[in-house]
Every structure is written in C-alpha cells, then in structure tokens.
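Containing compact mmCIF, C-alpha atoms (C1' of nucleotides): protein.txt.
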# COMPACT_ATOMS: atom_id res chain seq x y z
CA MET A 1 -37.17 41.26 76.34
CA LYS A 2 -36.00 37.89 77.58
CA LYS A 3 -38.53 36.29 75.32
CA ASP A 4 -36.31 37.09 72.36
CA TYR A 5 -33.27 35.49 73.95
CA ILE A 6 -35.24 32.36 74.63
CA TYR A 7 -36.67 32.25 71.14
CA ASN A 8 -33.24 32.68 69.61
CA VAL A 9 -31.77 29.81 71.56
CA ILE A 10 -34.43 27.55 70.11
CA LYS A 11 -33.97 29.05 66.68
CA ASN A 12 -30.24 28.47 66.66
CA SER A 13 -30.35 24.95 67.99
CA GLN A 14 -29.98 21.95 65.75
CA THR A 15 -31.96 19.67 68.06
CA SER A 16 -34.95 20.01 70.30
CA LEU A 17 -34.25 21.34 73.78
CA THR A 18 -35.62 20.96 77.27
CA ALA A 19 -36.67 23.94 79.35
CA GLU A 20 -33.56 23.36 81.43
CA ASP A 21 -31.30 23.31 78.36
CA ILE A 22 -32.75 26.63 77.35
CA TYR A 23 -32.45 28.05 80.85
CA ASN A 24 -28.79 27.06 81.06
CA ASN A 25 -28.06 28.53 77.69
CA VAL A 26 -29.83 31.83 78.27
CA SER A 27 -28.34 32.15 81.75
CA GLN A 28 -24.87 32.37 80.26
CA ASN A 29 -25.77 35.76 78.83
CA ILE A 30 -28.49 37.25 80.94
CA ASP A 31 -30.19 36.80 84.28
CA VAL A 32 -33.37 34.88 83.90
CA ASN A 33 -35.63 32.87 86.12
CA LEU A 34 -36.62 29.30 85.32
CA SER A 35 -40.31 30.13 85.63
CA THR A 36 -39.84 32.89 83.08
CA VAL A 37 -38.44 30.31 80.71
CA TYR A 38 -41.42 28.05 81.24
CA ARG A 39 -43.87 30.89 80.88
CA THR A 40 -42.24 32.17 77.74
CA LEU A 41 -42.10 28.69 76.30
CA ASN A 42 -45.81 28.26 76.85
CA ASN A 43 -46.48 31.56 75.14
CA LEU A 44 -44.39 30.58 72.15
CA VAL A 45 -46.16 27.25 71.94
CA ASN A 46 -49.56 28.95 72.07
CA LYS A 47 -48.53 31.27 69.29
CA ASN A 48 -47.43 28.25 67.26
CA LEU A 49 -43.91 29.58 67.03
CA VAL A 50 -42.54 26.62 68.93
CA ASN A 51 -43.52 22.98 69.13
CA LYS A 52 -43.58 21.09 72.39
CA VAL A 53 -43.28 17.32 72.48
CA VAL A 54 -43.40 15.22 75.60
CA ARG A 55 -41.14 12.19 75.29
CA GLN A 56 -41.24 8.86 77.07
CA ASP A 57 -38.85 10.26 79.68
CA LYS A 58 -41.71 12.57 80.68
CA ILE A 59 -39.74 15.67 79.86
CA ALA A 60 -40.98 18.25 77.38
CA TYR A 61 -38.75 19.10 74.43
CA TYR A 62 -39.09 22.28 72.42
CA GLU A 63 -38.16 23.10 68.84
CA LEU A 64 -38.92 25.70 66.20
CA ALA A 65 -42.40 25.22 64.79
CA GLN A 66 -41.45 26.02 61.23
CA ASP A 67 -38.82 23.33 61.19
CA THR A 68 -39.27 20.59 58.70
CA HIS A 69 -41.36 17.91 60.27
CA LYS A 70 -38.99 15.76 62.29
CA HIS A 71 -38.99 12.69 64.46
CA TYR A 72 -36.24 11.54 66.74
CA LEU A 73 -34.23 8.38 67.21
CA ILE A 74 -33.68 8.27 70.94
CA CYS A 75 -30.97 6.11 72.44
CA ASP A 76 -32.12 4.35 75.59
CA LYS A 77 -28.57 4.17 76.87
CA CYS A 78 -27.06 7.61 76.40
CA ASN A 79 -30.34 9.38 75.77
CA CYS A 80 -29.01 11.17 72.72
CA ALA A 81 -31.50 12.05 69.99
CA PHE A 82 -30.95 12.05 66.23
CA PRO A 83 -33.55 13.69 64.07
CA THR A 84 -34.89 11.90 61.05
CA GLN A 85 -37.14 13.30 58.40
CA MET A 86 -38.42 10.03 57.12
CA CYS A 87 -42.09 10.32 57.81
CA THR A 88 -44.83 8.68 55.85
CA ILE A 89 -47.28 9.02 58.69
CA ASP A 90 -49.34 11.53 56.78
CA LYS A 91 -50.47 8.80 54.45
CA ILE A 92 -51.50 6.66 57.37
CA ALA A 93 -53.20 9.63 58.98
CA ASN A 94 -55.22 10.33 55.87
CA LYS A 95 -56.30 6.74 55.68
CA ILE A 96 -57.41 6.78 59.29
CA LYS A 97 -59.24 10.04 58.76
CA LYS A 98 -61.21 8.55 55.90
CA GLU A 99 -61.96 5.27 57.58
CA THR A 100 -62.85 6.49 61.06
CA GLY A 101 -63.92 10.11 60.72
CA PHE A 102 -61.46 11.12 63.44
CA ASN A 103 -60.05 14.48 62.45
CA ILE A 104 -56.31 14.07 62.94
CA THR A 105 -54.44 17.35 63.24
CA SER A 106 -51.04 16.21 64.45
CA HIS A 107 -49.03 13.25 65.54
CA THR A 108 -45.95 12.32 67.50
CA LEU A 109 -43.59 9.52 66.64
CA GLU A 110 -40.61 8.45 68.67
CA PHE A 111 -38.16 5.66 67.90
CA HIS A 112 -36.29 3.99 70.72
CA GLY A 113 -33.24 1.81 70.59
CA ILE A 114 -29.48 1.95 70.88
CA CYS A 115 -27.36 4.39 68.92
CA GLN A 116 -24.20 3.36 67.06
CA ASN A 117 -21.91 4.82 69.70
CA CYS A 118 -23.47 2.81 72.48
CA LEU A 119 -23.46 -0.29 70.29
CA LYS A 120 -19.73 0.15 69.78
CA ASN A 121 -18.99 0.83 73.44
CA ALA A 122 -20.95 -2.19 74.53
CA LYS A 123 -18.47 -4.48 72.84
CA MET B 4 -51.99 -11.19 95.88
CA LYS B 5 -53.07 -7.76 94.77
CA LYS B 6 -50.75 -8.11 91.84
CA ASP B 7 -53.21 -10.48 90.24
CA TYR B 8 -56.12 -8.09 90.67
CA ILE B 9 -54.11 -5.36 89.05
CA TYR B 10 -52.97 -7.54 86.22
CA ASN B 11 -56.53 -8.71 85.56
CA VAL B 12 -57.86 -5.18 85.34
CA ILE B 13 -55.36 -4.49 82.60
CA LYS B 14 -56.08 -7.79 80.94
CA ASN B 15 -59.81 -7.21 80.85
CA SER B 16 -59.63 -3.66 79.63
CA GLN B 17 -60.24 -2.74 76.02
CA THR B 18 -58.10 0.37 76.21
CA SER B 19 -54.90 1.41 77.92
CA LEU B 20 -55.30 2.62 81.49
CA THR B 21 -53.62 5.07 83.82
CA ALA B 22 -52.38 4.04 87.25
CA GLU B 23 -55.31 5.95 88.70
CA ASP B 24 -57.81 4.15 86.46
CA ILE B 25 -56.41 0.88 87.71
CA TYR B 26 -56.40 2.05 91.30
CA ASN B 27 -60.05 3.10 91.12
CA ASN B 28 -61.05 -0.13 89.51
CA VAL B 29 -59.20 -2.39 91.92
CA SER B 30 -60.38 -0.35 94.91
CA GLN B 31 -63.97 -1.32 94.17
CA ASN B 32 -63.18 -4.87 95.16
CA ILE B 33 -60.27 -4.81 97.55
CA ASP B 34 -58.29 -2.40 99.69
CA VAL B 35 -55.18 -1.29 97.91
CA ASN B 36 -52.72 1.56 98.15
CA LEU B 37 -51.83 3.76 95.21
CA SER B 38 -48.14 3.14 95.71
CA THR B 39 -48.78 -0.57 95.54
CA VAL B 40 -50.43 -0.05 92.19
CA TYR B 41 -47.43 1.88 90.93
CA ARG B 42 -44.99 -0.65 92.29
CA THR B 43 -46.87 -3.56 90.80
CA LEU B 44 -47.17 -1.77 87.51
CA ASN B 45 -43.43 -1.28 87.39
CA ASN B 46 -42.87 -4.94 88.13
CA LEU B 47 -45.21 -5.98 85.35
CA VAL B 48 -43.50 -3.63 82.94
CA ASN B 49 -40.08 -5.02 83.86
CA LYS B 50 -41.33 -8.53 83.28
CA ASN B 51 -42.62 -7.44 79.89
CA LEU B 52 -46.14 -8.44 80.81
CA VAL B 53 -47.37 -4.89 80.50
CA ASN B 54 -46.41 -2.00 78.26
CA LYS B 55 -46.10 1.54 79.55
CA VAL B 56 -46.47 4.52 77.25
CA VAL B 57 -46.13 8.14 78.29
CA ARG B 58 -48.48 10.35 76.31
CA GLN B 59 -48.32 14.04 75.54
CA ASP B 60 -50.43 14.70 78.62
CA LYS B 61 -47.43 13.45 80.63
CA ILE B 62 -49.40 10.62 82.13
CA ALA B 63 -48.32 7.00 81.79
CA TYR B 64 -50.79 4.56 80.23
CA TYR B 65 -50.57 0.82 80.68
CA GLU B 66 -51.80 -2.05 78.52
CA LEU B 67 -51.21 -5.75 78.08
CA ALA B 68 -47.89 -6.42 76.42
CA GLN B 69 -49.14 -9.26 74.28
CA ASP B 70 -51.80 -7.11 72.74
CA THR B 71 -51.60 -6.58 69.05
CA HIS B 72 -49.44 -3.58 68.38
CA LYS B 73 -51.68 -0.54 68.76
CA HIS B 74 -51.56 3.19 68.49
CA TYR B 75 -54.16 5.65 69.74
CA LEU B 76 -56.20 8.42 68.24
CA ILE B 77 -56.44 10.92 71.08
CA CYS B 78 -59.07 13.61 71.09
CA ASP B 79 -57.71 16.94 72.28
CA LYS B 80 -61.17 18.00 73.44
CA CYS B 81 -62.59 15.12 75.42
CA ASN B 82 -59.33 13.24 75.77
CA CYS B 83 -60.85 9.96 74.69
CA ALA B 84 -58.60 7.47 72.93
CA PHE B 85 -59.47 5.10 70.10
CA PRO B 86 -57.02 2.36 69.27
CA THR B 87 -55.98 1.76 65.68
CA GLN B 88 -53.93 -1.07 64.36
CA MET B 89 -52.86 0.60 61.19
CA CYS B 90 -49.15 0.71 61.60
CA THR B 91 -46.61 0.57 58.86
CA ILE B 92 -43.92 2.06 61.03
CA ASP B 93 -41.95 -1.15 61.02
CA LYS B 94 -41.10 -0.57 57.38
CA ILE B 95 -39.88 2.92 58.17
CA ALA B 96 -37.96 1.61 61.15
CA ASN B 97 -36.18 -0.97 59.04
CA LYS B 98 -35.25 1.65 56.50
CA ILE B 99 -33.83 3.89 59.20
CA LYS B 100 -31.94 0.98 60.72
CA LYS B 101 -30.28 0.24 57.42
CA GLU B 102 -29.49 3.82 56.52
CA THR B 103 -28.29 5.08 59.89
CA GLY B 104 -27.16 2.05 61.87
CA PHE B 105 -29.32 3.11 64.80
CA ASN B 106 -30.70 -0.08 66.30
CA ILE B 107 -34.38 0.65 66.74
CA THR B 108 -36.11 -1.63 69.23
CA SER B 109 -39.44 0.10 69.71
CA HIS B 110 -41.45 3.14 68.81
CA THR B 111 -44.38 5.18 70.00
CA LEU B 112 -46.89 6.87 67.75
CA GLU B 113 -49.71 9.09 68.88
CA PHE B 114 -52.31 10.81 66.72
CA HIS B 115 -53.98 13.97 67.97
CA GLY B 116 -57.09 15.68 66.73
CA ILE B 117 -60.81 15.88 67.35
CA CYS B 118 -63.03 12.80 67.58
CA GLN B 119 -66.34 12.51 65.78
CA ASN B 120 -68.36 13.16 68.93
CA CYS B 121 -66.63 16.42 69.62
CA LEU B 122 -66.92 17.40 65.99
CA LYS B 123 -70.68 16.85 66.21
CA ASN B 124 -71.06 18.68 69.50
CA ALA B 125 -69.10 21.64 68.22
CA LYS B 126 -71.77 22.41 65.66
C1' DG C 22 -47.70 61.96 82.81
C1' DT C 23 -51.12 58.32 84.01
C1' DG C 24 -53.13 54.20 83.09
C1' DT C 25 -53.32 49.58 81.31
C1' DA C 26 -51.03 45.62 79.79
C1' DC C 27 -47.36 42.67 79.63
C1' DT C 28 -42.98 40.84 81.74
C1' DT C 29 -40.33 38.98 85.75
C1' DG C 30 -38.62 37.07 90.04
C1' DC C 31 -39.44 34.56 94.01
C1' DA C 32 -41.55 31.38 96.80
C1' DA C 33 -44.96 28.17 97.32
C1' DA C 34 -48.15 24.88 95.14
C1' DT C 35 -49.16 20.95 91.90
C1' DG C 36 -49.63 16.39 90.54
C1' DA C 37 -47.92 12.06 88.92
C1' DT C 38 -44.76 8.94 90.53
C1' DT C 39 -41.16 7.07 93.68
C1' DT C 40 -39.03 5.74 97.97
C1' DG C 41 -37.81 4.73 102.86
C1' DC C 42 -39.10 2.06 106.40
C1' DG C 43 -41.50 -0.84 109.33
C1' DT C 44 -45.00 -4.47 109.24
C1' DA C 45 -47.57 -8.34 107.10
C1' DT C 46 -47.79 -12.26 104.17
C1' DT C 47 -45.93 -15.75 101.10
C1' DT C 48 -42.78 -19.36 99.90
C1' DA C 49 -39.03 -22.65 100.26
C1' DG C 50 -36.39 -25.96 102.84
C1' DG C 51 -35.89 -29.00 106.55
C1' DC D 14 -45.88 -28.13 110.59
C1' DC D 15 -42.18 -24.54 111.50
C1' DT D 16 -38.80 -21.04 110.83
C1' DA D 17 -35.96 -18.09 107.71
C1' DA D 18 -35.51 -15.49 103.71
C1' DA D 19 -38.02 -13.24 100.22
C1' DT D 20 -41.92 -10.50 98.72
C1' DA D 21 -45.71 -7.64 99.10
C1' DC D 22 -47.93 -3.67 101.38
C1' DG D 23 -49.35 0.67 103.65
C1' DC D 24 -48.27 5.06 104.97
C1' DA D 25 -45.97 9.25 104.98
C1' DA D 26 -42.57 11.89 103.09
C1' DA D 27 -39.71 12.94 99.08
C1' DT D 28 -39.02 13.86 93.96
C1' DC D 29 -39.01 16.50 90.00
C1' DA D 30 -40.69 18.97 86.07
C1' DT D 31 -43.81 22.41 85.65
C1' DT D 32 -47.27 25.91 87.15
C1' DT D 33 -49.14 29.70 89.78
C1' DG D 34 -50.05 33.62 93.00
C1' DC D 35 -48.48 37.81 94.12
C1' DA D 36 -45.98 41.97 94.12
C1' DA D 37 -42.76 44.82 91.71
C1' DG D 38 -40.79 46.38 87.20
C1' DT D 39 -41.14 47.92 82.43
C1' DA D 40 -43.40 49.10 77.99
C1' DC D 41 -46.40 51.41 75.15
C1' DA D 42 -50.94 54.20 74.28
C1' DC D 43 -53.38 58.33 74.68
Give the structure from the file, written as structure tokens.
Amino acid sequence: MKKDYIYNVIKNSQTSLTAEDIYNNVSQNIDVNLSTVYRTLNNLVNKNLVNKVVRQDKIAYYELAQDTHKHYLICDKCNCAFPTQMCTIDKIANKIKKETGFNITSHTLEFHGICQNCLKNAK
Amino acid sequence: MKKDYIYNVIKNSQTSLTAEDIYNNVSQNIDVNLSTVYRTLNNLVNKNLVNKVVRQDKIAYYELAQDTHKHYLICDKCNCAFPTQMCTIDKIANKIKKETGFNITSHTLEFHGICQNCLKNAK
DNA sequence: GTGTACTTGCAAATGATTTGCGTATTTAGG
DNA sequence: CCTAAATACGCAAATCATTTGCAAGTACAC
C-alpha cells in the first residue's frame, strides 16, 4: 500500500516535511495522488504515528511521532529549519496546570530569526 | 478612517482576535468590507502596532503589539483561549543563540489541552 | 466466490486570505 | 479654497493548502 511508502519517507527524514515534500519524494518511486498523501497523512496523525504541526507560514509539517520531542529554529529569510531539543516547557506546563487547572496535553514552540548562513550572506 | 475602528477593536479586546472577529465587531458600528479588514490588519502588523500569530487551527490571530508578552492555553474542545504570561522562553532562546549562532528574534508558544469547563462538562 | 471494508484517483469544493482594478476620500502644497 | 498625488475602500475574482464526493480498484474474511 502507498501508505507504507508515505510513512517510510517520514521515517527516514531528518527534518519535518510538508505534504508536498512527501508527495514529491514518493512520486519519484510510485504513482500517487496528492489527495492520497493528505488522506494518508491524516490517518497517520489520527493513529498517533505522525505529528502534525502548523507553522507561522500556515503550512502543516509532519514528522514521526516517536521522535524525541523537538522544536525548530526557523529562518525568516531562507525558511530553513534546524531542530533543537532544548525544551524546558514541560516545567512551565506543569506549573500552569497546577495554578490554573487547565489540563495541558501538548504544546508547540517555534523560534524565528535569521540563521547563520543568511547572517553571513547579508554582509 | 476605518483603520482607527479596527485598531480600537484590537486595543479594547482582552484576547487575541481573528480577522472575522474584528470584522463582525466593526460591522456593528460601520460598514466595512472584509478585505479592508485584512488589508488594514496587514498594515498594522507591518507597522509593528499589531502582532499576528498563526495557530494550529491555521487561522491568524491578532493582538496589540505593545501587550505584555503572552502565550495562550487553547482548549481543544471548545477552542477557547486563556492567556498566560508565564514565559521563560527568553532564557532558552539566549542559550540557543549562544550555542548555535542562530539569531532568534521571536518565538511562538501554544499550549493545547482541555480547559476546566470542558473537564467539568465531560463528567 | 461474494461481500464488506479500506484504498485511490480525479475533479470539484472549501475557507482563510490576497489581489486587481476602478472609485472615493484624505492630505499636502500652492 | 483648489488641485494633484497618495491612501483607503468595495467588490469580484484569484490563491493556495487542504478536504471531500464519488466511482472504481484492491484486500481480506467467511
């Protein structure tokens, strides 16, 4: 099934991918329709095999759910994204939980700025 | 100008608003077109008078730029949003800056879960 | 084998947001 | 006050990522 191809692309990727990234990648090997990619992606997300995160650019990015919890440094110039694992949000989340009673189950964190490459090139 | 009406709605709001929220609110008093709202909103964002944040629901939310730095607790059931000012991200950001050289200029943080009301009603 | 349940492709629909374009309205300079 | 250049608007059509309806294809159960 095409589902497996799609899942593998995500599994073998170092970064999070857009539906289009995945479509392009899978298309190199097999015929597949974009809507199939979207449908499959939604299935995988529902089964908690894949995480979906909507970024400020309004595009959804997908990555393996069992990956170590990651957040991205997104360059506003070249739009590249570096993952970082520094995340002390859980502490904050716990504090908020206790103080407000809001039952936090997940969070998204996105850093924006300019990456080293773009900083260099700007000179 | 309608710009002022739009700006005031944002200014007088306790929470961040969508373009549609703003449109509905302004429409109660004066005639205005949705595209005018969007255009004005973009102007205000460019002038740094208003901040725009795209949430996981893929909708842009707007709030006064000079507001104290806020993040929202978003209920996945009723979609309500409570602001919280607990934010120690700047420390993390500085650490990342030093260790990676990525020049972070801003960040977005969004907590998801179930609010107290929905927790109650679920019982 | 026959049915029932997924899986797919294709084309059309969505929904938030943007844009082109022609018309008002504001603002600056004389 | 008066005209020109700059903005602000309204309206309709366009975008673009994503979803959906529908009909055909494929898989697996009994």
Near-Ile6 in chain A list (8 Å; only C-alpha atoms (C1' of nucleotides); drop same-chain fewer than 4 positions) as a ChimeraX atom specification: /A:2,10,22,26,37,40-41
Show me, as a tab-separated table (two decimals) with C-alpha atoms, keeping the file's coordinate frame, the residues that have an atom within 9 Å of Leu37 in chain B when counting all atoms listed in the file, minus same-chain residues fewer than 6 positions from it.
chain	number	residue	atom	x	y	z
B	22	ALA	CA	-52.38	4.04	87.25
B	23	GLU	CA	-55.31	5.95	88.70
B	26	TYR	CA	-56.40	2.05	91.30
Among the residues B:Asn97, B:Leu20, B:Arg42, B:Leu76, the one that comes closest to DT39 in chain C [using only C-alpha atoms (C1' of nucleotides)]: B:Arg42
Nearest-residue call for chain B, choices C:DT44, C:DA26, C:DG36, C:DG50, using only C-alpha atoms (C1' of nucleotides):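 Looking only at the distances to chain B, the closest residue turns out to be C:DG36.
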Distance-based interface of chain A with chain B, 6 Å, counting all atoms listed in the file, as a list in words: Val54, Gln56, Lys58, Phe102, Asn103, Ile104, Thr105, Ser106, His107, Thr108, Leu109, Glu110, Phe111, His112, Gly113, Ile114, Cys115 and Gln116 of chain A
Point-to-point distance in Å for CA of Thr15 in chain A and CA of Leu49 in chain A: 15.6 Å
Point-to-point distance from CA of Ile30 in chain A to CA of Asn79 in chain A, Å rounded to tenths: 28.4 Å
Separation of C1' of DA36 in chain D from C1' of DC31 in chain C in Å: 9.9 Å
DA21 in chain D surroundings by only C-alpha atoms (C1' of nucleotides), 9 Å radius, close-in-sequence under 3 positions cut, as a ChimeraX atom specification: /B:4-6,39 /C:45-47
Closest of A:Ser35, A:Asn24, A:Ser13, A:Asn8 to chain C - atom-to-atom distances counting only C-alpha atoms (C1' of nucleotides):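 Result for the nearest residue to chain C: A:Ser35.
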12 Å contacts from chain D to chain B using only C-alpha atoms (C1' of nucleotides), as number ranges by chain: D: 20-25, 30-31
Interface list for chain C, partner chain A, 8 Å threshold, all atoms listed in the file, as a list in words: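 Putting it all together, I get DT28, DT29 and DG30 of chain C.
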Selection: 12 Å around DT16 in chain D, only C-alpha atoms (C1' of nucleotides), excl. self and same-chain fewer than 4 positions, as a ChimeraX atom specification: /C:48-51
Would you mind exporting the chosen residues as a PDB file, in the coordinates of the input, restricted to C-alpha atoms (C1' of nucleotides)?
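Full text of selection-v3.pdb as output:
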ATOM      1  C1'  DT C  48     -42.780 -19.360  99.900  1.00  0.00           C
ATOM      2  C1'  DA C  49     -39.030 -22.650 100.260  1.00  0.00           C
ATOM      3  C1'  DG C  50     -36.390 -25.960 102.840  1.00  0.00           C
ATOM      4  C1'  DG C  51     -35.890 -29.000 106.550  1.00  0.00           C
TER       5       DG C  51
END
Nearest residue to Val48 in chain B from the set B:His72, B:Asn32, B:Lys94, B:Tyr10 (distances using all atoms listed in the file): B:Tyr10
